[in-house]
Amino acid sequence: MTEGRDLFHLEEFINTYVTKREGSMFEKDIADNRTRLTKAIEGKSVLVIGGAGSIGSSFVKAVLAFQPGELCIVDTNENALTELTRDLRSSGGYMPPVYMSYPMDYSSVTFRRMFTAHKRKNGARGFDIVANFSAHKHVRSEKDIFSVEALIRNNVIHAKGLLELLEKNPPEEYFCVSTDKAANPVNIMGASKRIMEDLIFAYSDAFPVKTARFANVAFSNGSLPAGFLERMAKLQPLSAPSDVKRYFVSPKESGQICMLSAMLGQNRAIFFPKLEEAQMESFDHIAENLLVENGYEIVYCDSDEEAIRKTETLRAGVREYPVHFSASDTSGEKAYEEFYVEGEAVDVQCFQALGVIMNKPVPDKSAVLKLIDTLEEAFEKETTTKEDIVKIIATYLPNFEHIETGKSLDGKM
């Protein structure tokens with residue numbers, strides 16, 4: 001640890017070295033809209049799908065500050081759901097009179113039964129607020145036809161089933177998280193989120209739908225920075241791209257932007273954080289600052305193999321940490337980030353720290369559903385390849401320029 005420090009404080013590190021701001025960038029927007037947020041949330045019944053993940057759990061905490069009457073959290077990760085419940089109970093903060101946590105898949109029969117039972121119990125009324133954070137969010141999820149199918153089923157096909165259920169039981173607000181990678185997508189994950197946006201907007205005549213495109217969440221579950229902490233705990237070398245810069249928001253900010261979008265956005269609004277290019281940070285720089293902050297001298301290596309060999313001295317107690325930084329050469333890696341594209345109407349005046357993509361037209365629902373049917377039919381064929389799926393998506397998204405290098409992030413540390 002750095003001299004003079006007894007503990008490493010991750011939140012402080014994120015504020016200092018990653019987001020480079022004290023506190024949340026959305027504090028003023030929340031304060032300015034406190035009355036509206038209270039009216040939208042207080043006493044309401046809230047369903048959060050994928051609520052045990054990094055963004056979902058942050059959304060839960062942001063919403064709890066406005067005292068909903070009922071909170072139901074669904075997630076397939078039983079351990080994470082258990083820890084979230086313990087965290088909420090141990091924090092001493094507000095807990096609603098009715099709290100339920102269910103380790104289940106939102107596309108399952110069991111979920112539908114739970115949803116229907118809740119409707120019956122509440123006098124034919126479904127959940128007031130529904131937020132869906134269940135998603136494949138990593139570019140590395142794109143490997144072969146099987147990983148691509150799992151990604152598209154979760155992000156698009158299963159989402160359609162949820163929307164059909166909500167169409168019969170319309171909530172007051174529906175939110176589904178998107179990504180900055182949905183703007184001019186170059187990977188299948190980003191393309192799936194772009195299709196997801198059209199899909200949810202196709203149901204906007206039945207209930208209000210909102211979404212948000214935002215940056216990388218610093219040290220979120222499964223992210224490369226979170227992996228740095230895992231590697232350090234196991235005295236394993238760090239590896240990162242040397243030529244990739246990204247926008248970052250803190251975990252707390254990620255939940256707040258989703259809450260603001262869900263509760264304050266107009267129908268079919270897409271929120272995004274107002275960040276400047278100067279606020280971007282590179283992964284190798286985050287790794288360097290993390291090691292220095294923890295009292296290590298950095299040893300730069302020319303390969304993964306060399307870095308692995310040099311962990312022998314690290315394990316012997318020498319405070320020299322091996323790293324391997326190299327240029328990105330994997331499929332689907334976008335050279336830059338953007339939150340909106342040419343032709344999208346953007347309002348940057350309504351909120352201090354948020355921009356809003358407004359007046360999105362209602363997509364052709366039949367075209368979206370036809371695309372999903374085509375994808376499902378393709379997945380049923382044993383001969384379908386990843387390249388076939390890319391072609392199908394490109395017929396729907398003409399601007400989809402997939403970057404294929406033949407290499408996956410799974411081939412790197």
# chains A, B, ... in the order shown; residues from 1 in each chain; ligands from 1

call {"tool": "residues_around", "arguments": {"residues": "stretch 125-137 of chain A", "least_positions_apart": "3", "cutoff": "8 Å", "atoms": "only C-alpha atoms", "output": "JSON, numbers by chain"}}
result
{"A": [44, 45, 46, 47, 48, 49, 50, 51, 53, 55, 56, 75, 115, 116, 118, 119, 120, 122, 141, 151, 154, 155, 169, 170, 171, 172, 173, 174, 175, 176, 177, 189, 262]}

call {"tool": "select_by_dssp", "arguments": {"residues": "stretch 13-58 of chain A", "states": "alpha helix (DSSP H)", "output": "PyMOL selection string"}}
result
chain A and resi 13+27-32+34-41+54-58

call {"tool": "write_last_selection", "arguments": {"atoms": "N, CA, C and O atoms", "output": "PDB file, in the first residue's frame"}}
result
ATOM      1  N   PHE A  13     -10.076   6.219  -5.473  1.00  0.00           N
ATOM      2  CA  PHE A  13      -9.205   6.014  -6.633  1.00  0.00           C
ATOM      3  C   PHE A  13      -9.933   6.366  -7.927  1.00  0.00           C
ATOM      4  O   PHE A  13      -9.382   7.040  -8.807  1.00  0.00           O
ATOM      5  N   GLU A  27     -25.306  15.120  -9.384  1.00  0.00           N
ATOM      6  CA  GLU A  27     -25.868  15.577  -8.115  1.00  0.00           C
ATOM      7  C   GLU A  27     -26.818  16.771  -8.303  1.00  0.00           C
ATOM      8  O   GLU A  27     -27.892  16.826  -7.710  1.00  0.00           O
ATOM      9  N   LYS A  28     -26.426  17.743  -9.127  1.00  0.00           N
ATOM     10  CA  LYS A  28     -27.266  18.926  -9.319  1.00  0.00           C
ATOM     11  C   LYS A  28     -28.559  18.582 -10.049  1.00  0.00           C
ATOM     12  O   LYS A  28     -29.632  19.076  -9.699  1.00  0.00           O
ATOM     13  N   ASP A  29     -28.483  17.711 -11.061  1.00  0.00           N
ATOM     14  CA  ASP A  29     -29.688  17.317 -11.782  1.00  0.00           C
ATOM     15  C   ASP A  29     -30.664  16.594 -10.858  1.00  0.00           C
ATOM     16  O   ASP A  29     -31.884  16.781 -10.954  1.00  0.00           O
ATOM     17  N   ILE A  30     -30.134  15.782  -9.943  1.00  0.00           N
ATOM     18  CA  ILE A  30     -31.007  15.096  -8.981  1.00  0.00           C
ATOM     19  C   ILE A  30     -31.615  16.103  -8.017  1.00  0.00           C
ATOM     20  O   ILE A  30     -32.821  16.071  -7.735  1.00  0.00           O
ATOM     21  N   ALA A  31     -30.794  17.028  -7.517  1.00  0.00           N
ATOM     22  CA  ALA A  31     -31.300  18.042  -6.581  1.00  0.00           C
ATOM     23  C   ALA A  31     -32.349  18.932  -7.246  1.00  0.00           C
ATOM     24  O   ALA A  31     -33.387  19.240  -6.647  1.00  0.00           O
ATOM     25  N   ASP A  32     -32.109  19.332  -8.485  1.00  0.00           N
ATOM     26  CA  ASP A  32     -33.046  20.212  -9.188  1.00  0.00           C
ATOM     27  C   ASP A  32     -34.375  19.534  -9.485  1.00  0.00           C
ATOM     28  O   ASP A  32     -35.389  20.216  -9.686  1.00  0.00           O
ATOM     29  N   ARG A  34     -35.709  16.903  -7.569  1.00  0.00           N
ATOM     30  CA  ARG A  34     -36.075  16.047  -6.427  1.00  0.00           C
ATOM     31  C   ARG A  34     -37.592  15.887  -6.288  1.00  0.00           C
ATOM     32  O   ARG A  34     -38.085  14.798  -6.011  1.00  0.00           O
ATOM     33  N   THR A  35     -38.328  16.958  -6.485  1.00  0.00           N
ATOM     34  CA  THR A  35     -39.779  16.879  -6.355  1.00  0.00           C
ATOM     35  C   THR A  35     -40.374  15.953  -7.405  1.00  0.00           C
ATOM     36  O   THR A  35     -41.243  15.111  -7.104  1.00  0.00           O
ATOM     37  N   ARG A  36     -39.919  16.073  -8.648  1.00  0.00           N
ATOM     38  CA  ARG A  36     -40.413  15.217  -9.723  1.00  0.00           C
ATOM     39  C   ARG A  36     -40.035  13.755  -9.484  1.00  0.00           C
ATOM     40  O   ARG A  36     -40.852  12.842  -9.719  1.00  0.00           O
ATOM     41  N   LEU A  37     -38.822  13.522  -9.006  1.00  0.00           N
ATOM     42  CA  LEU A  37     -38.368  12.156  -8.751  1.00  0.00           C
ATOM     43  C   LEU A  37     -39.166  11.526  -7.609  1.00  0.00           C
ATOM     44  O   LEU A  37     -39.543  10.357  -7.673  1.00  0.00           O
ATOM     45  N   THR A  38     -39.425  12.304  -6.574  1.00  0.00           N
ATOM     46  CA  THR A  38     -40.206  11.793  -5.445  1.00  0.00           C
ATOM     47  C   THR A  38     -41.612  11.411  -5.898  1.00  0.00           C
ATOM     48  O   THR A  38     -42.134  10.340  -5.542  1.00  0.00           O
ATOM     49  N   LYS A  39     -42.221  12.260  -6.694  1.00  0.00           N
ATOM     50  CA  LYS A  39     -43.574  11.983  -7.191  1.00  0.00           C
ATOM     51  C   LYS A  39     -43.594  10.727  -8.056  1.00  0.00           C
ATOM     52  O   LYS A  39     -44.554   9.947  -8.033  1.00  0.00           O
ATOM     53  N   ALA A  40     -42.521  10.496  -8.815  1.00  0.00           N
ATOM     54  CA  ALA A  40     -42.466   9.355  -9.741  1.00  0.00           C
ATOM     55  C   ALA A  40     -42.184   8.034  -9.032  1.00  0.00           C
ATOM     56  O   ALA A  40     -42.570   6.972  -9.530  1.00  0.00           O
ATOM     57  N   ILE A  41     -41.524   8.083  -7.860  1.00  0.00           N
ATOM     58  CA  ILE A  41     -41.039   6.853  -7.231  1.00  0.00           C
ATOM     59  C   ILE A  41     -41.707   6.543  -5.901  1.00  0.00           C
ATOM     60  O   ILE A  41     -42.011   5.372  -5.605  1.00  0.00           O
ATOM     61  N   SER A  54     -23.617  -4.623 -11.683  1.00  0.00           N
ATOM     62  CA  SER A  54     -23.011  -3.345 -11.295  1.00  0.00           C
ATOM     63  C   SER A  54     -23.978  -2.179 -11.492  1.00  0.00           C
ATOM     64  O   SER A  54     -24.204  -1.378 -10.580  1.00  0.00           O
ATOM     65  N   ILE A  55     -24.565  -2.058 -12.684  1.00  0.00           N
ATOM     66  CA  ILE A  55     -25.447  -0.927 -12.969  1.00  0.00           C
ATOM     67  C   ILE A  55     -26.803  -1.126 -12.303  1.00  0.00           C
ATOM     68  O   ILE A  55     -27.371  -0.195 -11.727  1.00  0.00           O
ATOM     69  N   GLY A  56     -27.338  -2.344 -12.370  1.00  0.00           N
ATOM     70  CA  GLY A  56     -28.636  -2.624 -11.774  1.00  0.00           C
ATOM     71  C   GLY A  56     -28.660  -2.350 -10.279  1.00  0.00           C
ATOM     72  O   GLY A  56     -29.602  -1.741  -9.759  1.00  0.00           O
ATOM     73  N   SER A  57     -27.618  -2.780  -9.563  1.00  0.00           N
ATOM     74  CA  SER A  57     -27.581  -2.561  -8.112  1.00  0.00           C
ATOM     75  C   SER A  57     -27.422  -1.079  -7.785  1.00  0.00           C
ATOM     76  O   SER A  57     -27.967  -0.589  -6.792  1.00  0.00           O
ATOM     77  N   SER A  58     -26.680  -0.362  -8.629  1.00  0.00           N
ATOM     78  CA  SER A  58     -26.553   1.083  -8.435  1.00  0.00           C
ATOM     79  C   SER A  58     -27.886   1.779  -8.670  1.00  0.00           C
ATOM     80  O   SER A  58     -28.250   2.717  -7.948  1.00  0.00           O
TER      81      SER A  58
END

call {"tool": "closest_residue", "arguments": {"among": "A:Thr383, A:Val346, A:Ala269, A:Tyr396", "to": "A:Phe201", "atoms": "only C-alpha atoms"}}
result
A:Ala269

call {"tool": "residues_around", "arguments": {"residues": "A:Arg246", "least_positions_apart": "4", "cutoff": "12 Å", "atoms": "only C-alpha atoms", "output": "count of residues only"}}
result
31

call {"tool": "residues_around", "arguments": {"residues": "A:Phe26", "least_positions_apart": "6", "cutoff": "9 Å", "atoms": "only C-alpha atoms", "output": "list in words"}}
result
Glu253, Gln256, Ile257, Leu260, Pro273, Gln352, Ala353 and Leu354 of chain A

call {"tool": "decode", "arguments": {"residues": "stretch 51-62 of chain A", "atoms": "N, CA, C and O atoms", "output": "mmCIF file, in the first residue's frame"}}
result
data_model
loop_
_atom_site.group_PDB
_atom_site.id
_atom_site.type_symbol
_atom_site.label_atom_id
_atom_site.label_comp_id
_atom_site.auth_asym_id
_atom_site.auth_seq_id
_atom_site.Cartn_x
_atom_site.Cartn_y
_atom_site.Cartn_z
ATOM 1 N N GLY A 51 -30.893 -6.865 -11.483
ATOM 2 C CA GLY A 51 -30.647 -5.870 -10.448
ATOM 3 C C GLY A 51 -29.453 -6.135 -9.563
ATOM 4 O O GLY A 51 -29.103 -5.271 -8.754
ATOM 5 N N ALA A 52 -28.812 -7.298 -9.687
ATOM 6 C CA ALA A 52 -27.650 -7.587 -8.844
ATOM 7 C C ALA A 52 -26.338 -7.247 -9.530
ATOM 8 O O ALA A 52 -25.276 -7.367 -8.923
ATOM 9 N N GLY A 53 -26.390 -6.823 -10.784
ATOM 10 C CA GLY A 53 -25.181 -6.438 -11.497
ATOM 11 C C GLY A 53 -24.702 -5.065 -11.087
ATOM 12 O O GLY A 53 -25.318 -4.384 -10.255
ATOM 13 N N SER A 54 -23.617 -4.623 -11.683
ATOM 14 C CA SER A 54 -23.011 -3.345 -11.295
ATOM 15 C C SER A 54 -23.978 -2.179 -11.492
ATOM 16 O O SER A 54 -24.204 -1.378 -10.580
ATOM 17 N N ILE A 55 -24.565 -2.058 -12.684
ATOM 18 C CA ILE A 55 -25.447 -0.927 -12.969
ATOM 19 C C ILE A 55 -26.803 -1.126 -12.303
ATOM 20 O O ILE A 55 -27.371 -0.195 -11.727
ATOM 21 N N GLY A 56 -27.338 -2.344 -12.370
ATOM 22 C CA GLY A 56 -28.636 -2.624 -11.774
ATOM 23 C C GLY A 56 -28.660 -2.350 -10.279
ATOM 24 O O GLY A 56 -29.602 -1.741 -9.759
ATOM 25 N N SER A 57 -27.618 -2.780 -9.563
ATOM 26 C CA SER A 57 -27.581 -2.561 -8.112
ATOM 27 C C SER A 57 -27.422 -1.079 -7.785
ATOM 28 O O SER A 57 -27.967 -0.589 -6.792
ATOM 29 N N SER A 58 -26.680 -0.362 -8.629
ATOM 30 C CA SER A 58 -26.553 1.083 -8.435
ATOM 31 C C SER A 58 -27.886 1.779 -8.670
ATOM 32 O O SER A 58 -28.250 2.717 -7.948
ATOM 33 N N PHE A 59 -28.639 1.317 -9.672
ATOM 34 C CA PHE A 59 -29.975 1.849 -9.924
ATOM 35 C C PHE A 59 -30.881 1.602 -8.719
ATOM 36 O O PHE A 59 -31.634 2.487 -8.300
ATOM 37 N N VAL A 60 -30.810 0.406 -8.154
ATOM 38 C CA VAL A 60 -31.619 0.073 -6.979
ATOM 39 C C VAL A 60 -31.351 1.067 -5.854
ATOM 40 O O VAL A 60 -32.276 1.606 -5.230
ATOM 41 N N LYS A 61 -30.073 1.342 -5.590
ATOM 42 C CA LYS A 61 -29.720 2.260 -4.501
ATOM 43 C C LYS A 61 -30.174 3.687 -4.794
ATOM 44 O O LYS A 61 -30.595 4.417 -3.896
ATOM 45 N N ALA A 62 -30.088 4.085 -6.073
ATOM 46 C CA ALA A 62 -30.542 5.429 -6.442
ATOM 47 C C ALA A 62 -32.044 5.566 -6.240
ATOM 48 O O ALA A 62 -32.533 6.594 -5.743
#
